[in-house]
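Novice: Structure file structure20.cif, mmCIF, C-alpha atoms, is pasted below:
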```cif
data_final
#
loop_
_atom_site.label_atom_id
_atom_site.label_comp_id
_atom_site.auth_asym_id
_atom_site.auth_seq_id
_atom_site.Cartn_x
_atom_site.Cartn_y
_atom_site.Cartn_z
CA ASP T 117 16.17 20.39 29.82
CA VAL T 118 19.61 18.82 29.96
CA LYS T 119 21.23 18.10 26.67
CA VAL T 120 23.98 16.19 24.97
CA THR T 121 24.48 17.48 21.44
CA GLN T 122 26.32 15.62 18.71
CA SER T 123 27.43 17.83 15.86
CA SER T 124 26.27 15.66 12.96
CA ARG T 125 23.37 13.25 12.51
CA TYR T 126 24.76 11.69 9.32
CA LEU T 127 28.28 11.61 7.91
CA VAL T 128 29.74 9.94 4.84
CA LYS T 129 33.54 9.72 4.70
CA ARG T 130 36.08 8.02 2.49
CA THR T 131 38.44 5.26 3.58
CA GLY T 132 41.63 6.73 5.01
CA GLU T 133 40.14 10.09 5.95
CA LYS T 134 40.61 11.53 9.42
CA VAL T 135 37.18 11.95 10.98
CA PHE T 136 36.15 14.09 13.94
CA LEU T 137 32.93 13.49 15.86
CA GLU T 138 32.04 16.22 18.32
CA CYS T 139 29.92 16.04 21.44
CA VAL T 140 28.91 18.87 23.78
CA GLN T 141 26.97 18.64 27.05
CA ASP T 142 25.44 21.51 29.00
CA MET T 143 25.00 19.76 32.37
CA ASP T 144 28.47 20.32 33.85
CA HIS T 145 28.93 16.53 34.00
CA GLU T 146 32.32 15.13 34.89
CA ASN T 147 32.01 11.92 32.90
CA MET T 148 31.67 11.61 29.15
CA PHE T 149 31.58 8.49 26.99
CA TRP T 150 31.74 7.38 23.38
CA TYR T 151 29.94 4.21 22.30
CA ARG T 152 29.31 2.59 18.97
CA GLN T 153 26.14 0.63 18.35
CA ASP T 154 25.88 -2.18 15.82
CA PRO T 155 23.02 -4.62 15.18
CA GLY T 156 23.34 -7.74 17.33
CA LEU T 157 26.32 -6.33 19.25
CA GLY T 158 24.62 -3.64 21.30
CA LEU T 159 26.48 -0.64 22.66
CA ARG T 160 30.23 -1.05 22.99
CA LEU T 161 32.37 1.44 24.89
CA ILE T 162 35.17 3.02 22.86
CA TYR T 163 36.61 5.61 25.26
CA PHE T 164 35.53 7.54 28.29
CA SER T 165 36.72 10.55 30.24
CA TYR T 166 36.11 11.39 33.89
CA ASP T 167 37.76 14.80 33.85
CA VAL T 168 39.24 17.40 31.56
CA LYS T 169 42.32 16.08 29.76
CA MET T 170 41.74 12.61 31.28
CA LYS T 171 40.79 9.62 29.16
CA GLU T 172 40.56 5.88 29.50
CA LYS T 173 40.21 3.13 26.95
CA GLY T 174 36.98 1.25 26.78
CA ASP T 175 36.41 -2.17 25.28
CA ILE T 176 37.15 -1.36 21.62
CA PRO T 177 39.60 1.59 21.42
CA GLU T 178 41.60 0.38 18.41
CA GLY T 179 41.50 2.82 15.53
CA TYR T 180 40.10 5.64 17.67
CA SER T 181 41.41 8.44 19.84
CA VAL T 182 39.70 11.11 21.92
CA SER T 183 40.23 14.64 23.14
CA ARG T 184 38.76 16.47 26.09
CA GLU T 185 40.21 19.97 26.36
CA LYS T 186 37.13 21.47 28.00
CA LYS T 187 34.68 19.93 30.46
CA GLU T 188 31.72 20.28 28.17
CA ARG T 189 33.27 18.88 25.00
CA PHE T 190 34.44 15.35 24.15
CA SER T 191 35.68 14.57 20.68
CA LEU T 192 36.10 11.18 19.04
CA ILE T 193 38.73 10.92 16.31
CA LEU T 194 39.03 8.21 13.70
CA GLU T 195 42.67 8.52 12.68
CA SER T 196 42.24 6.73 9.35
CA ALA T 197 38.65 5.72 8.70
CA SER T 198 37.96 2.19 7.54
CA THR T 199 34.78 0.54 6.30
CA ASN T 200 34.48 -1.53 9.48
CA GLN T 201 34.01 1.72 11.37
CA THR T 202 30.69 2.29 9.67
CA SER T 203 28.33 2.46 12.63
CA MET T 204 26.06 4.55 14.83
CA TYR T 205 28.17 6.54 17.30
CA LEU T 206 26.61 7.65 20.57
CA CYS T 207 27.98 10.15 23.03
CA ALA T 208 26.79 10.19 26.65
CA SER T 209 27.52 12.04 29.86
CA SER T 210 26.90 11.43 33.54
CA ALA T 211 27.53 13.15 36.85
CA GLY T 212 30.09 12.28 39.50
CA GLN T 213 30.93 8.94 41.08
CA GLY T 214 27.45 7.93 42.13
CA SER T 215 25.20 5.41 40.44
CA TYR T 216 23.84 7.86 37.92
CA GLY T 217 22.45 6.97 34.54
CA TYR T 218 23.69 8.43 31.32
CA THR T 219 22.21 11.16 29.18
CA PHE T 220 22.74 10.29 25.54
CA GLY T 221 23.01 12.39 22.43
CA SER T 222 20.96 11.64 19.34
CA GLY T 223 23.78 9.77 17.65
CA THR T 224 25.86 10.15 14.51
CA ARG T 225 25.35 7.64 11.74
CA LEU T 226 28.78 7.34 10.08
CA THR T 227 29.23 5.60 6.76
CA VAL T 228 32.76 4.97 5.50
CA VAL T 229 32.96 4.22 1.78
CA GLU Q 853 32.75 -12.79 32.96
CA ASP Q 854 30.65 -9.70 33.65
CA GLN Q 855 27.64 -9.88 31.41
CA VAL Q 856 24.16 -8.52 30.76
CA THR Q 857 21.68 -10.63 28.79
CA GLN Q 858 18.28 -9.49 27.59
CA SER Q 859 15.40 -11.66 26.43
CA PRO Q 860 13.57 -12.02 24.23
CA GLU Q 861 15.48 -10.37 21.37
CA ALA Q 862 12.17 -9.31 19.82
CA LEU Q 863 8.59 -9.29 21.04
CA ARG Q 864 5.41 -8.58 19.14
CA LEU Q 865 2.28 -7.74 21.15
CA GLN Q 866 -1.24 -6.75 20.36
CA GLU Q 867 -2.39 -3.45 21.80
CA GLY Q 868 -3.54 -4.11 25.37
CA GLU Q 869 -1.64 -7.40 25.69
CA SER Q 870 0.57 -7.15 28.78
CA SER Q 871 3.99 -8.81 28.94
CA SER Q 872 7.46 -8.61 30.49
CA LEU Q 873 11.00 -8.12 29.25
CA ASN Q 874 13.89 -9.76 31.06
CA CYS Q 875 17.40 -8.54 31.88
CA SER Q 876 19.71 -10.99 33.64
CA TYR Q 877 23.17 -10.01 34.83
CA THR Q 878 26.29 -11.65 36.18
CA VAL Q 879 28.40 -8.95 37.78
CA SER Q 880 29.98 -8.57 41.18
CA GLY Q 881 28.97 -5.63 43.31
CA LEU Q 882 25.95 -4.25 41.47
CA ARG Q 883 25.77 -0.49 41.89
CA GLY Q 884 22.75 0.23 39.79
CA LEU Q 885 20.62 -1.27 37.01
CA PHE Q 886 19.28 1.06 34.33
CA TRP Q 887 16.51 0.77 31.77
CA TYR Q 888 16.49 2.86 28.60
CA ARG Q 889 14.12 3.20 25.68
CA GLN Q 890 15.55 3.75 22.20
CA ASP Q 891 13.54 4.81 19.17
CA PRO Q 892 14.91 4.11 15.66
CA GLY Q 893 17.72 6.46 14.66
CA LYS Q 894 17.85 8.13 18.07
CA GLY Q 895 19.91 7.90 21.24
CA PRO Q 896 18.66 5.92 24.25
CA GLU Q 897 16.34 7.73 26.62
CA PHE Q 898 16.61 7.05 30.35
CA LEU Q 899 13.63 5.34 32.01
CA PHE Q 900 14.56 3.92 35.44
CA THR Q 901 17.37 3.21 37.87
CA LEU Q 902 17.11 0.36 40.40
CA TYR Q 903 19.67 -0.09 43.14
CA SER Q 904 18.70 -3.03 45.34
CA ALA Q 905 16.77 -6.30 45.21
CA GLY Q 906 13.08 -5.80 45.84
CA GLU Q 907 13.04 -2.27 44.49
CA GLU Q 908 10.33 -1.27 41.99
CA LYS Q 909 9.83 1.83 39.84
CA GLU Q 910 6.82 2.80 37.71
CA LYS Q 911 6.17 5.20 34.88
CA GLU Q 912 2.87 5.18 33.03
CA ARG Q 913 2.44 1.65 31.61
CA LEU Q 914 5.96 0.54 32.58
CA LYS Q 915 7.09 -1.04 35.82
CA ALA Q 916 10.65 -2.18 36.52
CA THR Q 917 11.57 -4.68 39.23
CA LEU Q 918 14.90 -6.00 40.47
CA THR Q 919 16.08 -9.25 42.05
CA LYS Q 920 19.62 -10.36 42.86
CA LYS Q 921 20.06 -11.91 39.42
CA GLU Q 922 17.69 -10.15 37.07
CA SER Q 923 15.34 -7.30 36.34
CA PHE Q 924 11.98 -7.29 34.63
CA LEU Q 925 10.32 -4.51 32.68
CA HIS Q 926 6.59 -5.12 32.85
CA ILE Q 927 4.44 -3.46 30.22
CA THR Q 928 0.76 -3.22 31.12
CA ALA Q 929 -1.83 -2.73 28.38
CA PRO Q 930 0.74 -1.48 25.86
CA LYS Q 931 -0.06 0.99 23.10
CA PRO Q 932 1.55 1.27 19.65
CA GLU Q 933 3.59 4.26 20.88
CA ASP Q 934 5.37 1.92 23.31
CA SER Q 935 7.06 0.28 20.31
CA ALA Q 936 10.82 0.75 20.68
CA THR Q 937 13.99 -1.07 21.66
CA TYR Q 938 14.37 -1.40 25.42
CA LEU Q 939 17.94 -1.52 26.73
CA CYS Q 940 19.16 -2.69 30.10
CA ALA Q 941 22.52 -1.68 31.58
CA VAL Q 942 24.35 -2.30 34.84
CA ARG Q 943 26.95 -0.38 36.79
CA TYR Q 944 29.13 -2.46 39.04
CA GLY Q 945 32.37 -2.68 40.96
CA GLY Q 946 34.80 0.19 41.39
CA ALA Q 947 34.62 3.95 41.28
CA THR Q 948 34.39 4.56 37.56
CA ASN Q 949 30.90 5.20 36.27
CA LYS Q 950 30.96 2.68 33.44
CA LEU Q 951 27.91 0.77 32.31
CA ILE Q 952 27.63 -2.60 30.58
CA PHE Q 953 24.69 -2.75 28.17
CA GLY Q 954 22.60 -5.67 27.02
CA THR Q 955 21.75 -5.97 23.33
CA GLY Q 956 18.16 -4.92 23.87
CA THR Q 957 14.62 -6.17 23.23
CA LEU Q 958 12.82 -4.85 20.17
CA LEU Q 959 9.18 -4.39 21.10
CA ALA Q 960 6.47 -3.98 18.47
CA VAL Q 961 2.91 -3.25 19.61
CA GLN Q 962 0.31 -3.67 16.91
CA PRO Q 963 -3.02 -1.80 16.97
#
```
Kindly return the structure encoded in the file as structure tokens.
Specialist:
Amino acid sequence: DVKVTQSSRYLVKRTGEKVFLECVQDMDHENMFWYRQDPGLGLRLIYFSYDVKMKEKGDIPEGYSVSREKKERFSLILESASTNQTSMYLCASSAGQGSYGYTFGSGTRLTVV
Amino acid sequence: EDQVTQSPEALRLQEGESSSLNCSYTVSGLRGLFWYRQDPGKGPEFLFTLYSAGEEKEKERLKATLTKKESFLHITAPKPEDSATYLCAVRYGGATNKLIFGTGTLLAVQP
């Protein structure tokens, strides 16, 4: 069974901390994505990557950065966590350039205090 | 503006009471419409992909249909285990495999 694994289910961090969220997929997918999900706002795209070392900004990249050094791993970095970054973070991957759906991870519930 | 709108926001059904969820979209060059199911505290789980108007897909009690402006997720004789949030997403336009998501319909099926 194909899998997208997010390293933590729950995280609590302090304001100003640097936070790393890790995502690993075992499907050899080219594309990987980071979304955040908030009540009433749905899923909003933060960053995505279509190849190793390649990244593109999504709709809400401010306050975030990403790293993709290996095909299977896509990391989301909160440079200086703030309380408005408290959210559910979802990683996803998909294959190639065709009209393929995403496979999602289970999510990381981040609380910034 | 490219947009995906789902209705209703929430739906409560009795077990066995069939109904439909709606996903309307305004994008140019649709390249796929996707339905996902999401249980509380978990990531979305893929259900269906539809590519062209008139296409239909079925899985157990769920049936998805697509027109040029909207998609419906029909739920026939639902059971309590069908309770979840159902998300719709569209892929459109150029080569990048980005999806736009709707905000979802929260379905509750009561026994």
Novice: CA of Tyr126 in chain T and CA of Lys169 in chain T are how many Å apart?
Specialist: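 Going from CA of Tyr126 in chain T over to CA of Lys169 in chain T, I get 27.3 Å.
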Novice: What are the residues of chain T lining chain Q at 8 Å or less? Count all atoms listed in the file, and put the answer as a PDB file with C-alpha atoms, in the frame of the given file.
Specialist:
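As a result, part_39.pdb now contains:
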```pdb
ATOM      1  CA  ASN T 147      32.010  11.920  32.900  1.00  0.00           C
ATOM      2  CA  GLY T 156      23.340  -7.740  17.330  1.00  0.00           C
ATOM      3  CA  LEU T 157      26.320  -6.330  19.250  1.00  0.00           C
ATOM      4  CA  GLY T 158      24.620  -3.640  21.300  1.00  0.00           C
ATOM      5  CA  LEU T 159      26.480  -0.640  22.660  1.00  0.00           C
ATOM      6  CA  ARG T 160      30.230  -1.050  22.990  1.00  0.00           C
ATOM      7  CA  TYR T 166      36.110  11.390  33.890  1.00  0.00           C
ATOM      8  CA  LEU T 206      26.610   7.650  20.570  1.00  0.00           C
ATOM      9  CA  SER T 210      26.900  11.430  33.540  1.00  0.00           C
ATOM     10  CA  GLY T 212      30.090  12.280  39.500  1.00  0.00           C
ATOM     11  CA  GLN T 213      30.930   8.940  41.080  1.00  0.00           C
ATOM     12  CA  GLY T 214      27.450   7.930  42.130  1.00  0.00           C
ATOM     13  CA  SER T 215      25.200   5.410  40.440  1.00  0.00           C
ATOM     14  CA  TYR T 216      23.840   7.860  37.920  1.00  0.00           C
ATOM     15  CA  GLY T 217      22.450   6.970  34.540  1.00  0.00           C
ATOM     16  CA  TYR T 218      23.690   8.430  31.320  1.00  0.00           C
ATOM     17  CA  THR T 219      22.210  11.160  29.180  1.00  0.00           C
ATOM     18  CA  PHE T 220      22.740  10.290  25.540  1.00  0.00           C
ATOM     19  CA  GLY T 221      23.010  12.390  22.430  1.00  0.00           C
ATOM     20  CA  SER T 222      20.960  11.640  19.340  1.00  0.00           C
ATOM     21  CA  GLY T 223      23.780   9.770  17.650  1.00  0.00           C
TER      22      GLY T 223
END
```
Novice: To one decimal in Å, tell me the separation between CA of Tyr205 in chain T and CA of Pro177 in chain T.
Specialist: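 Going from CA of Tyr205 in chain T over to CA of Pro177 in chain T covers 13.1 Å.
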Novice: May I have the residues at most 12 Å from (-3.9, -3.8, 12.1) in the file's coordinates, counting all atoms listed in the file, as a list in words?
Specialist: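 The residues near that point, listed by chain and number, are Leu865, Gln866, Glu867, Pro932, Val961, Gln962 and Pro963 of chain Q.
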Novice: Using all atoms listed in the file, which residues sit within 12 Å of Phe136 in chain T once same-chain residues fewer than 5 positions away are excluded, as an MDAnalysis selection string?
Specialist: chainID T and resid 122:124 127:129 180:183 190:197 205 224 226
Novice: My list of candidates is T:Asp142, T:Val120, T:Lys186, T:Cys207. Which is closest to Ile162 in chain T when distances are computed with only C-alpha atoms?
Specialist: T:Cys207
Novice: Have a look at CA of Asn200 in chain T and CA of Ala862 in chain Q and let me know their distance in Å, one decimal.
Specialist: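 Atom-to-atom, CA of Asn200 in chain T and CA of Ala862 in chain Q are spaced 25.8 Å apart.
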